[in-house]
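Below: entry09.cif (mmCIF, C-alpha atoms and all ligand atoms)
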data_target
#
loop_
_atom_site.label_atom_id
_atom_site.label_comp_id
_atom_site.auth_asym_id
_atom_site.auth_seq_id
_atom_site.Cartn_x
_atom_site.Cartn_y
_atom_site.Cartn_z
CA MET A 1 -24.50 -120.70 140.97
CA ILE A 2 -26.62 -118.67 138.53
CA PRO A 3 -24.54 -115.85 137.05
CA GLY A 4 -26.17 -112.40 137.24
CA ALA A 5 -27.07 -110.28 134.20
CA ARG A 6 -26.81 -106.66 133.08
CA VAL A 7 -29.76 -105.84 130.88
CA VAL A 8 -31.67 -102.83 129.54
CA LEU A 9 -35.23 -103.55 128.43
CA LEU A 10 -36.57 -101.09 125.87
CA GLY A 11 -40.07 -101.19 124.46
CA ARG A 12 -43.21 -99.15 124.06
CA GLN A 13 -45.38 -98.38 127.07
CA GLY A 14 -47.46 -101.49 127.62
CA SER A 15 -45.06 -103.82 125.81
CA GLY A 16 -44.64 -105.80 129.03
CA LYS A 17 -41.36 -104.42 130.43
CA GLY A 18 -42.57 -104.35 134.03
CA THR A 19 -44.21 -107.78 133.73
CA GLN A 20 -41.09 -109.40 132.26
CA CYS A 21 -38.49 -107.55 134.37
CA THR A 22 -40.10 -108.88 137.56
CA ARG A 23 -39.62 -112.43 136.23
CA LEU A 24 -36.14 -111.77 134.84
CA SER A 25 -35.06 -110.35 138.18
CA ARG A 26 -36.10 -113.57 139.92
CA HIS A 27 -34.52 -115.76 137.24
CA PHE A 28 -31.13 -114.03 137.15
CA VAL A 29 -31.19 -112.97 140.82
CA ALA A 30 -30.41 -109.40 139.81
CA PRO A 31 -32.29 -106.29 141.00
CA HIS A 32 -35.22 -105.02 138.91
CA ILE A 33 -34.62 -101.28 138.67
CA SER A 34 -37.75 -99.53 137.38
CA THR A 35 -37.48 -95.75 137.28
CA GLY A 36 -41.27 -95.51 136.91
CA ASP A 37 -41.76 -97.53 140.13
CA MET A 38 -39.14 -95.41 141.91
CA LEU A 39 -40.91 -92.20 140.87
CA ARG A 40 -44.35 -93.54 141.84
CA ALA A 41 -42.94 -94.53 145.27
CA ALA A 42 -41.60 -90.96 145.69
CA VAL A 43 -45.05 -89.57 144.79
CA ARG A 44 -46.70 -91.84 147.38
CA GLU A 45 -44.19 -90.85 150.05
CA GLY A 46 -44.61 -87.15 149.25
CA THR A 47 -40.87 -86.48 148.92
CA GLU A 48 -39.54 -83.42 147.07
CA LEU A 49 -38.86 -85.60 144.02
CA GLY A 50 -42.39 -86.98 144.22
CA ARG A 51 -43.94 -83.50 144.30
CA LEU A 52 -41.89 -82.51 141.28
CA ALA A 53 -42.58 -85.70 139.32
CA ARG A 54 -46.31 -86.07 139.97
CA GLU A 55 -47.69 -83.64 137.38
CA ILE A 56 -45.16 -84.70 134.75
CA ILE A 57 -46.04 -88.38 135.14
CA ASP A 58 -49.80 -87.83 135.16
CA ALA A 59 -49.54 -85.76 131.97
CA GLY A 60 -47.42 -88.47 130.31
CA GLY A 61 -44.29 -86.29 130.05
CA LEU A 62 -40.66 -87.16 130.87
CA VAL A 63 -38.86 -86.21 134.08
CA GLY A 64 -35.56 -84.31 133.50
CA ASP A 65 -32.48 -86.28 132.42
CA ASP A 66 -30.21 -84.98 135.20
CA ILE A 67 -32.61 -86.08 137.92
CA MET A 68 -33.10 -89.52 136.39
CA VAL A 69 -29.38 -90.12 135.86
CA GLY A 70 -28.70 -89.14 139.50
CA ILE A 71 -31.29 -91.61 140.81
CA VAL A 72 -30.02 -94.51 138.70
CA ASP A 73 -26.37 -93.74 139.46
CA GLU A 74 -27.07 -93.97 143.17
CA ARG A 75 -29.03 -97.22 142.75
CA LEU A 76 -26.33 -98.89 140.63
CA GLN A 77 -23.67 -98.24 143.26
CA ARG A 78 -25.47 -100.45 145.81
CA ASP A 79 -23.97 -103.85 146.57
CA ASP A 80 -26.69 -105.97 144.95
CA ALA A 81 -26.26 -104.22 141.59
CA GLN A 82 -22.48 -104.29 141.86
CA ILE A 83 -22.49 -108.02 142.58
CA ARG A 84 -25.48 -109.39 140.60
CA GLY A 85 -25.99 -106.77 137.88
CA TYR A 86 -29.20 -104.97 136.92
CA ILE A 87 -32.43 -105.41 134.99
CA LEU A 88 -33.24 -101.83 133.93
CA ASP A 89 -36.89 -101.05 133.14
CA GLY A 90 -37.78 -97.58 131.82
CA PHE A 91 -34.20 -96.30 131.84
CA PRO A 92 -32.55 -95.10 129.66
CA ARG A 93 -35.27 -93.25 127.76
CA THR A 94 -33.21 -90.66 125.91
CA VAL A 95 -29.84 -90.83 124.16
CA PHE A 96 -28.43 -88.58 126.90
CA GLN A 97 -29.52 -91.13 129.54
CA ALA A 98 -28.01 -93.99 127.51
CA GLU A 99 -24.65 -92.20 127.21
CA SER A 100 -24.78 -91.46 130.94
CA LEU A 101 -25.48 -95.12 131.70
CA ASP A 102 -22.34 -96.16 129.82
CA ARG A 103 -20.39 -93.78 132.05
CA ILE A 104 -21.99 -94.69 135.40
CA ALA A 105 -21.99 -98.44 134.75
CA GLY A 106 -18.18 -98.17 134.63
CA ASP A 107 -16.56 -101.60 134.77
CA LYS A 108 -20.02 -103.29 134.87
CA PRO A 109 -21.20 -102.52 131.31
CA LEU A 110 -24.47 -103.92 130.05
CA HIS A 111 -24.53 -107.27 128.28
CA VAL A 112 -27.48 -106.45 126.04
CA ALA A 113 -30.21 -103.89 125.32
CA ILE A 114 -33.44 -105.59 124.25
CA ASP A 115 -36.16 -103.98 122.18
CA LEU A 116 -39.35 -105.74 123.29
CA ASP A 117 -41.45 -105.27 120.20
CA VAL A 118 -45.25 -104.99 120.37
CA PRO A 119 -47.34 -103.04 117.82
CA ARG A 120 -48.92 -99.75 118.93
CA ALA A 121 -52.51 -100.96 118.50
CA MET A 122 -51.88 -103.89 120.81
CA VAL A 123 -50.27 -101.83 123.58
CA LEU A 124 -53.20 -99.39 123.48
CA ASP A 125 -55.53 -102.27 124.26
CA ARG A 126 -53.27 -103.66 127.02
CA LEU A 127 -52.89 -100.27 128.72
CA SER A 128 -56.58 -99.43 128.65
CA ARG A 129 -57.26 -102.72 130.47
CA ARG A 130 -54.28 -102.58 132.86
CA ARG A 131 -54.96 -102.43 136.60
CA VAL A 132 -52.20 -102.39 139.22
CA CYS A 133 -51.93 -103.10 142.92
CA ARG A 134 -51.42 -99.79 144.72
CA ASP A 135 -49.15 -101.48 147.29
CA CYS A 136 -46.96 -104.04 145.52
CA GLY A 137 -47.40 -103.06 141.85
CA THR A 138 -48.62 -106.46 140.59
CA ASN A 139 -50.27 -106.09 137.14
CA TYR A 140 -53.77 -107.28 136.24
CA GLN A 141 -55.96 -107.04 133.13
CA SER A 142 -59.52 -105.82 133.49
CA THR A 143 -62.13 -108.03 131.82
CA GLY A 144 -65.00 -105.59 132.30
CA SER A 145 -66.59 -107.65 135.09
CA ASP A 146 -64.00 -107.02 137.77
CA PRO A 147 -64.35 -107.86 141.47
CA ARG A 148 -65.48 -104.99 143.72
CA PRO A 149 -63.57 -104.20 145.81
CA TRP A 150 -60.67 -105.65 143.80
CA LEU A 151 -57.94 -106.88 146.15
CA CYS A 152 -54.47 -108.03 145.11
CA ASP A 153 -53.84 -111.81 145.13
CA THR A 154 -50.24 -111.21 146.19
CA CYS A 155 -50.57 -108.74 149.08
CA GLY A 156 -54.25 -107.88 149.58
CA GLY A 157 -53.76 -104.23 148.50
CA ASP A 158 -56.27 -102.24 146.39
CA VAL A 159 -56.14 -102.92 142.65
CA VAL A 160 -56.67 -99.64 140.74
CA GLN A 161 -56.09 -97.97 137.36
CA ARG A 162 -52.79 -96.04 137.10
CA ASP A 163 -53.30 -92.23 136.99
CA ASP A 164 -51.33 -92.02 133.72
CA ASP A 165 -53.40 -94.72 131.99
CA THR A 166 -55.89 -92.17 130.62
CA PRO A 167 -56.30 -92.08 126.80
CA GLU A 168 -54.65 -88.61 126.59
CA ALA A 169 -51.61 -89.54 128.71
CA ILE A 170 -51.21 -92.90 126.96
CA ASN A 171 -51.10 -91.20 123.55
CA ARG A 172 -48.65 -88.56 124.78
CA ARG A 173 -46.37 -91.28 126.24
CA LEU A 174 -46.47 -93.28 123.02
CA ASP A 175 -45.64 -90.17 120.94
CA LEU A 176 -42.74 -89.36 123.25
CA TYR A 177 -41.55 -92.94 122.90
CA GLU A 178 -41.31 -92.56 119.13
CA SER A 179 -39.45 -89.24 119.32
CA GLN A 180 -37.20 -89.69 122.38
CA THR A 181 -36.75 -93.41 122.96
CA GLN A 182 -36.82 -94.86 119.45
CA PRO A 183 -33.40 -93.19 118.72
CA LEU A 184 -31.97 -95.40 121.49
CA ILE A 185 -32.65 -98.42 119.33
CA GLU A 186 -30.32 -96.94 116.71
CA PHE A 187 -27.80 -96.00 119.43
CA TYR A 188 -27.58 -99.58 120.73
CA GLY A 189 -27.68 -100.98 117.21
CA ARG A 190 -24.67 -98.88 116.16
CA THR A 191 -22.72 -100.11 119.18
CA ARG A 192 -23.78 -103.75 118.51
CA ARG A 193 -25.53 -104.25 121.83
CA LEU A 194 -29.10 -104.51 120.52
CA GLU A 195 -31.38 -107.53 120.24
CA ARG A 196 -35.01 -107.43 119.14
CA VAL A 197 -37.44 -109.77 120.87
CA ASP A 198 -41.05 -110.31 119.77
CA GLY A 199 -43.28 -109.25 122.69
CA VAL A 200 -46.47 -110.73 121.23
CA GLY A 201 -47.55 -114.01 122.82
CA THR A 202 -48.28 -115.25 126.30
CA PRO A 203 -46.11 -113.89 129.14
CA ASP A 204 -44.48 -117.37 129.39
CA GLU A 205 -43.61 -117.41 125.68
CA VAL A 206 -42.12 -113.91 125.81
CA PHE A 207 -40.15 -114.80 128.95
CA ALA A 208 -38.60 -117.85 127.25
CA ARG A 209 -37.50 -115.68 124.30
CA LEU A 210 -35.99 -113.10 126.64
CA THR A 211 -34.00 -115.54 128.78
CA GLY A 212 -32.69 -117.27 125.63
CA THR A 213 -31.52 -113.93 124.22
CA ILE A 214 -29.86 -112.80 127.46
CA GLU A 215 -28.10 -116.13 127.98
CA LYS A 216 -26.68 -115.94 124.47
CA ARG A 217 -25.23 -112.46 125.12
CA ARG A 218 -24.08 -112.78 128.70
P1 LIG B 301 -43.06 -96.28 133.55
O1 LIG B 301 -43.60 -96.76 134.82
O2 LIG B 301 -41.77 -96.81 133.06
O3 LIG B 301 -44.22 -96.45 132.48
P2 LIG B 301 -44.22 -96.63 130.92
O4 LIG B 301 -42.95 -96.34 130.23
O5 LIG B 301 -45.38 -95.83 130.49
O6 LIG B 301 -44.38 -98.15 130.68
P3 LIG B 301 -45.51 -99.01 131.27
O7 LIG B 301 -45.22 -99.31 132.71
O8 LIG B 301 -46.82 -98.34 130.96
O9 LIG B 301 -45.43 -100.32 130.37
P4 LIG B 301 -44.71 -101.72 130.58
O10 LIG B 301 -43.91 -101.98 129.35
O11 LIG B 301 -44.02 -101.82 131.91
O12 LIG B 301 -45.96 -102.71 130.52
P5 LIG B 301 -46.57 -103.70 131.63
O13 LIG B 301 -45.62 -104.80 131.96
O14 LIG B 301 -47.15 -102.92 132.77
O15 LIG B 301 -42.92 -94.68 133.59
C1 LIG B 301 -43.96 -93.85 134.08
C2 LIG B 301 -43.58 -92.39 133.95
O16 LIG B 301 -42.45 -92.09 134.77
C3 LIG B 301 -43.14 -91.92 132.55
O17 LIG B 301 -44.22 -91.61 131.71
C4 LIG B 301 -42.28 -90.69 132.90
O18 LIG B 301 -43.08 -89.58 133.22
C5 LIG B 301 -41.57 -91.14 134.17
N1 LIG B 301 -40.26 -91.78 133.93
C6 LIG B 301 -39.92 -93.07 134.19
N2 LIG B 301 -38.66 -93.33 133.83
C7 LIG B 301 -38.17 -92.17 133.30
C8 LIG B 301 -36.91 -91.81 132.70
N3 LIG B 301 -35.91 -92.70 132.59
N4 LIG B 301 -36.76 -90.54 132.23
C9 LIG B 301 -37.77 -89.64 132.35
N5 LIG B 301 -38.99 -89.91 132.89
C10 LIG B 301 -39.19 -91.17 133.36
O19 LIG B 301 -47.75 -104.36 130.77
C11 LIG B 301 -48.88 -103.60 130.38
C12 LIG B 301 -50.15 -104.42 130.51
O20 LIG B 301 -50.10 -105.51 129.59
C13 LIG B 301 -50.35 -105.05 131.90
O21 LIG B 301 -51.70 -104.98 132.24
C14 LIG B 301 -49.91 -106.50 131.71
O22 LIG B 301 -50.62 -107.37 132.58
C15 LIG B 301 -50.25 -106.76 130.25
N6 LIG B 301 -49.33 -107.71 129.60
C16 LIG B 301 -47.97 -107.79 129.80
N7 LIG B 301 -47.45 -108.78 129.02
C17 LIG B 301 -48.50 -109.30 128.31
C18 LIG B 301 -48.61 -110.33 127.33
N8 LIG B 301 -47.53 -111.04 126.91
N9 LIG B 301 -49.83 -110.59 126.80
C19 LIG B 301 -50.93 -109.88 127.21
N10 LIG B 301 -50.89 -108.89 128.15
C20 LIG B 301 -49.70 -108.60 128.69
MG MG B 302 -43.88 -100.55 133.61
#
Could I get this structure in the form of structure tokens?
Ligand code: AP5
Ligand code: MG
Amino acid sequence: MIPGARVVLLGRQGSGKGTQCTRLSRHFVAPHISTGDMLRAAVREGTELGRLAREIIDAGGLVGDDIMVGIVDERLQRDDAQIRGYILDGFPRTVFQAESLDRIAGDKPLHVAIDLDVPRAMVLDRLSRRRVCRDCGTNYQSTGSDPRPWLCDTCGGDVVQRDDDTPEAINRRLDLYESQTQPLIEFYGRTRRLERVDGVGTPDEVFARLTGTIEKRR
């Protein structure tokens, strides 16, 4: 039997967290918990959380810590996470969230926090070309001569540009990453739970580096 894994993936917007967490979730048979996906689902469903989060997300800001910790706490208590672990994508994003995760993870502490490292110039290019399936979230890269209409290979849904992938929101998100999320790298370094993985290369190459690192720490 494949043992599960308890992982936090850190990294700039566009470093490939969503792309790699989908694969890691399949590999380790552990749920991929993406707070960005959860918030976008709430926006689509028009829930109270979605109404509150919509403007913040589109402007590239951060949703409040208390709300985010509550959502993740509830998700981690479910059976799949208790049994198989968790592949966290986009959480924690502040030191407060990281300290809260240590508390709510309880007797299922994380094995490793990984800093998926990609230079800023490269993520700017990836994000400006990113397109996503509105229904299942599969990622694509625009080449400039895209199919019209563009339908998802996985589910047939519409492939569109994310509302927060505008140049203004991308820059705001990257600035917030430096000020709010970069300190997490020090936080996990101090507590000896940090590994740095080079995120430049093909998705297959990056995936092989990630699984090697997780297996070493688990
Ligand atoms: P979230 O959805 O987490 O977005 P993000 O942090 O901006 O990160 P991205 O999804 O943009 O990047 P990614 O690293 O997943 O890259 P991807 O794999 O898509 O959060 C959205 C918003 O929600 C936040 O701004 C905030 O408002 C709110 N929020 C979420 N969590 C929160 C929290 N905890 N606290 C407060 N607020 C929160 O890859 C990017 C592109 O590159 C894709 O097109 C992909 O195909 C391509 N690509 C991937 N890998 C490679 C490769 N190896 N080579 C070439 N291209 C590649
Ligand atoms: Mg993502």
Taking all atoms listed in the file into account, report as a ChimeraX atom specification which residues have an atom no farther than 7 Å from an atom of ligand LIG 301 (chain B). /A:11-20,34-37,39,56-57,60-65,68,89-93,126-127,129-131,139-141,173,199-203,206
Point out the residue among A:Ile83, A:Ala98, A:Ala113, A:Val197 with the least atom-to-atom distance to Gln180 in chain A, counting only C-alpha atoms.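 Nearest candidate to Gln180 in chain A out of A:Ile83, A:Ala98, A:Ala113, A:Val197: A:Ala98.
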Å distance separating CA of Ser100 in chain A from CA of Arg192 in chain A, one decimal place: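 Atom-to-atom, CA of Ser100 in chain A to CA of Arg192 in chain A, that is 17.5 Å.
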What does the distance from CA of Lys108 in chain A to CA of Ile87 in chain A come to in Å, to one decimal?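 Distance between the two atoms: 12.6 Å.
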Correct to one decimal, the distance CA of Leu24 in chain A-CA of Asp146 in chain A is 28.4 Å
For each of A:Ala121, A:Val112, A:Val43, A:Ser179, take the minimum atom-to-atom distance to Arg217 in chain A, counting only C-alpha atoms, then give the residue where this is smallest.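 Closest to Arg217 in chain A of all the choices is A:Val112.
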Size and centre in Å, one decimal, axis-aligned box, all listed range 124-131 of chain A atoms plus 3 Å per side, as JSON:
{"center_x": -55.1, "center_y": -101.5, "center_z": 130.0, "size_x": 10.4, "size_y": 10.3, "size_z": 19.1}
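The closest residue to ligand MG 302 (chain B), picked from A:Glu195, A:Thr22, A:Ala208, A:Arg84 and counting all atoms listed in the file, is A:Thr22.
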Nearest to ligand MG 302 (chain B) among A:Arg196, A:Lys216, A:Arg162, A:Arg148, with distances taken over only C-alpha atoms and all ligand atoms: which residue is it? A:Arg162
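Among the candidate residues A:Gln97, A:Val7, A:Gly137, A:Val29, the one lying nearest to ligand MG 302 (chain B) is A:Gly137, with distances computed using all atoms listed in the file.
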Among the residues A:Leu10, A:Cys136, A:Ala59, A:Leu88, the one that comes closest to Ala30 in chain A [using only C-alpha atoms]: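 Closest to Ala30 in chain A, using only C-alpha atoms: A:Leu88.
For the point (-28.2, -118.4, 138.8) in file coordinates, the residues within 7 Å, using only C-alpha atoms, are Met1, Ile2, Pro3, Gly4, Phe28 and Val29 of chain A.
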Neighbouring residues of Asp153 in chain A were defined as those with any atom within 10 Å, considering all atoms listed in the file; residues of the same chain fewer than 4 positions away were excluded. Please report them as a list of chain:residue names.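 After dropping sequence-adjacent residues, the list is A:Cys133, A:Thr138, A:Tyr140, A:Gly157, A:Asp158, A:Val159.
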Leaving out Arg193 in chain A and any residue of its chain fewer than 5 positions from it, which residues lie within 10 Å of it when counting all atoms listed in the file, given as a list of chain:residue names?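 Near neighbours after the sequence-gap exclusion: A:Val8, A:Leu110, A:His111, A:Val112, A:Ala113, A:Ile114, A:Ile185, A:Phe187, A:Tyr188, A:Arg217.
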Because some atoms of range 102-117 of chain A are absent here, can you restore N, CA, C and O atoms and send them as a PDB file, in the coordinates of the input?
ATOM      1  N   ASP A 102     -23.640 -95.584 130.172  1.00  0.00           N
ATOM      2  CA  ASP A 102     -22.340 -96.160 129.820  1.00  0.00           C
ATOM      3  C   ASP A 102     -21.254 -95.642 130.773  1.00  0.00           C
ATOM      4  O   ASP A 102     -20.344 -96.370 131.149  1.00  0.00           O
ATOM      5  N   ARG A 103     -21.390 -94.374 131.150  1.00  0.00           N
ATOM      6  CA  ARG A 103     -20.390 -93.780 132.050  1.00  0.00           C
ATOM      7  C   ARG A 103     -20.575 -94.323 133.473  1.00  0.00           C
ATOM      8  O   ARG A 103     -19.621 -94.801 134.078  1.00  0.00           O
ATOM      9  N   ILE A 104     -21.823 -94.312 133.995  1.00  0.00           N
ATOM     10  CA  ILE A 104     -21.990 -94.690 135.400  1.00  0.00           C
ATOM     11  C   ILE A 104     -21.884 -96.203 135.623  1.00  0.00           C
ATOM     12  O   ILE A 104     -21.558 -96.629 136.718  1.00  0.00           O
ATOM     13  N   ALA A 105     -22.123 -96.987 134.583  1.00  0.00           N
ATOM     14  CA  ALA A 105     -21.990 -98.440 134.750  1.00  0.00           C
ATOM     15  C   ALA A 105     -20.516 -98.822 134.921  1.00  0.00           C
ATOM     16  O   ALA A 105     -20.197 -99.860 135.496  1.00  0.00           O
ATOM     17  N   GLY A 106     -19.619 -97.988 134.415  1.00  0.00           N
ATOM     18  CA  GLY A 106     -18.180 -98.170 134.630  1.00  0.00           C
ATOM     19  C   GLY A 106     -17.700 -99.540 134.184  1.00  0.00           C
ATOM     20  O   GLY A 106     -17.896 -99.947 133.036  1.00  0.00           O
ATOM     21  N   ASP A 107     -17.105-100.293 135.135  1.00  0.00           N
ATOM     22  CA  ASP A 107     -16.560-101.600 134.770  1.00  0.00           C
ATOM     23  C   ASP A 107     -17.618-102.705 134.832  1.00  0.00           C
ATOM     24  O   ASP A 107     -17.285-103.890 134.829  1.00  0.00           O
ATOM     25  N   LYS A 108     -18.907-102.307 134.914  1.00  0.00           N
ATOM     26  CA  LYS A 108     -20.020-103.290 134.870  1.00  0.00           C
ATOM     27  C   LYS A 108     -20.927-102.930 133.689  1.00  0.00           C
ATOM     28  O   LYS A 108     -22.115-102.633 133.874  1.00  0.00           O
ATOM     29  N   PRO A 109     -20.401-102.945 132.465  1.00  0.00           N
ATOM     30  CA  PRO A 109     -21.200-102.520 131.310  1.00  0.00           C
ATOM     31  C   PRO A 109     -22.319-103.511 130.989  1.00  0.00           C
ATOM     32  O   PRO A 109     -22.220-104.690 131.336  1.00  0.00           O
ATOM     33  N   LEU A 110     -23.350-103.023 130.305  1.00  0.00           N
ATOM     34  CA  LEU A 110     -24.470-103.920 130.050  1.00  0.00           C
ATOM     35  C   LEU A 110     -24.096-105.004 129.041  1.00  0.00           C
ATOM     36  O   LEU A 110     -23.270-104.788 128.166  1.00  0.00           O
ATOM     37  N   HIS A 111     -24.750-106.172 129.212  1.00  0.00           N
ATOM     38  CA  HIS A 111     -24.530-107.270 128.280  1.00  0.00           C
ATOM     39  C   HIS A 111     -25.362-107.059 127.027  1.00  0.00           C
ATOM     40  O   HIS A 111     -24.941-107.392 125.931  1.00  0.00           O
ATOM     41  N   VAL A 112     -26.585-106.561 127.205  1.00  0.00           N
ATOM     42  CA  VAL A 112     -27.480-106.450 126.040  1.00  0.00           C
ATOM     43  C   VAL A 112     -28.610-105.452 126.332  1.00  0.00           C
ATOM     44  O   VAL A 112     -29.058-105.319 127.468  1.00  0.00           O
ATOM     45  N   ALA A 113     -29.002-104.729 125.259  1.00  0.00           N
ATOM     46  CA  ALA A 113     -30.210-103.890 125.320  1.00  0.00           C
ATOM     47  C   ALA A 113     -31.240-104.586 124.439  1.00  0.00           C
ATOM     48  O   ALA A 113     -30.957-104.909 123.277  1.00  0.00           O
ATOM     49  N   ILE A 114     -32.417-104.837 124.995  1.00  0.00           N
ATOM     50  CA  ILE A 114     -33.440-105.590 124.250  1.00  0.00           C
ATOM     51  C   ILE A 114     -34.614-104.686 123.903  1.00  0.00           C
ATOM     52  O   ILE A 114     -35.155-104.003 124.776  1.00  0.00           O
ATOM     53  N   ASP A 115     -34.967-104.702 122.621  1.00  0.00           N
ATOM     54  CA  ASP A 115     -36.160-103.980 122.180  1.00  0.00           C
ATOM     55  C   ASP A 115     -37.318-104.974 122.186  1.00  0.00           C
ATOM     56  O   ASP A 115     -37.382-105.869 121.348  1.00  0.00           O
ATOM     57  N   LEU A 116     -38.188-104.840 123.166  1.00  0.00           N
ATOM     58  CA  LEU A 116     -39.350-105.740 123.290  1.00  0.00           C
ATOM     59  C   LEU A 116     -40.444-105.173 122.384  1.00  0.00           C
ATOM     60  O   LEU A 116     -41.044-104.143 122.687  1.00  0.00           O
ATOM     61  N   ASP A 117     -40.655-105.847 121.278  1.00  0.00           N
ATOM     62  CA  ASP A 117     -41.450-105.270 120.200  1.00  0.00           C
ATOM     63  C   ASP A 117     -42.915-105.708 120.231  1.00  0.00           C
ATOM     64  O   ASP A 117     -43.202-106.903 120.115  1.00  0.00           O
TER      65      ASP A 117
END
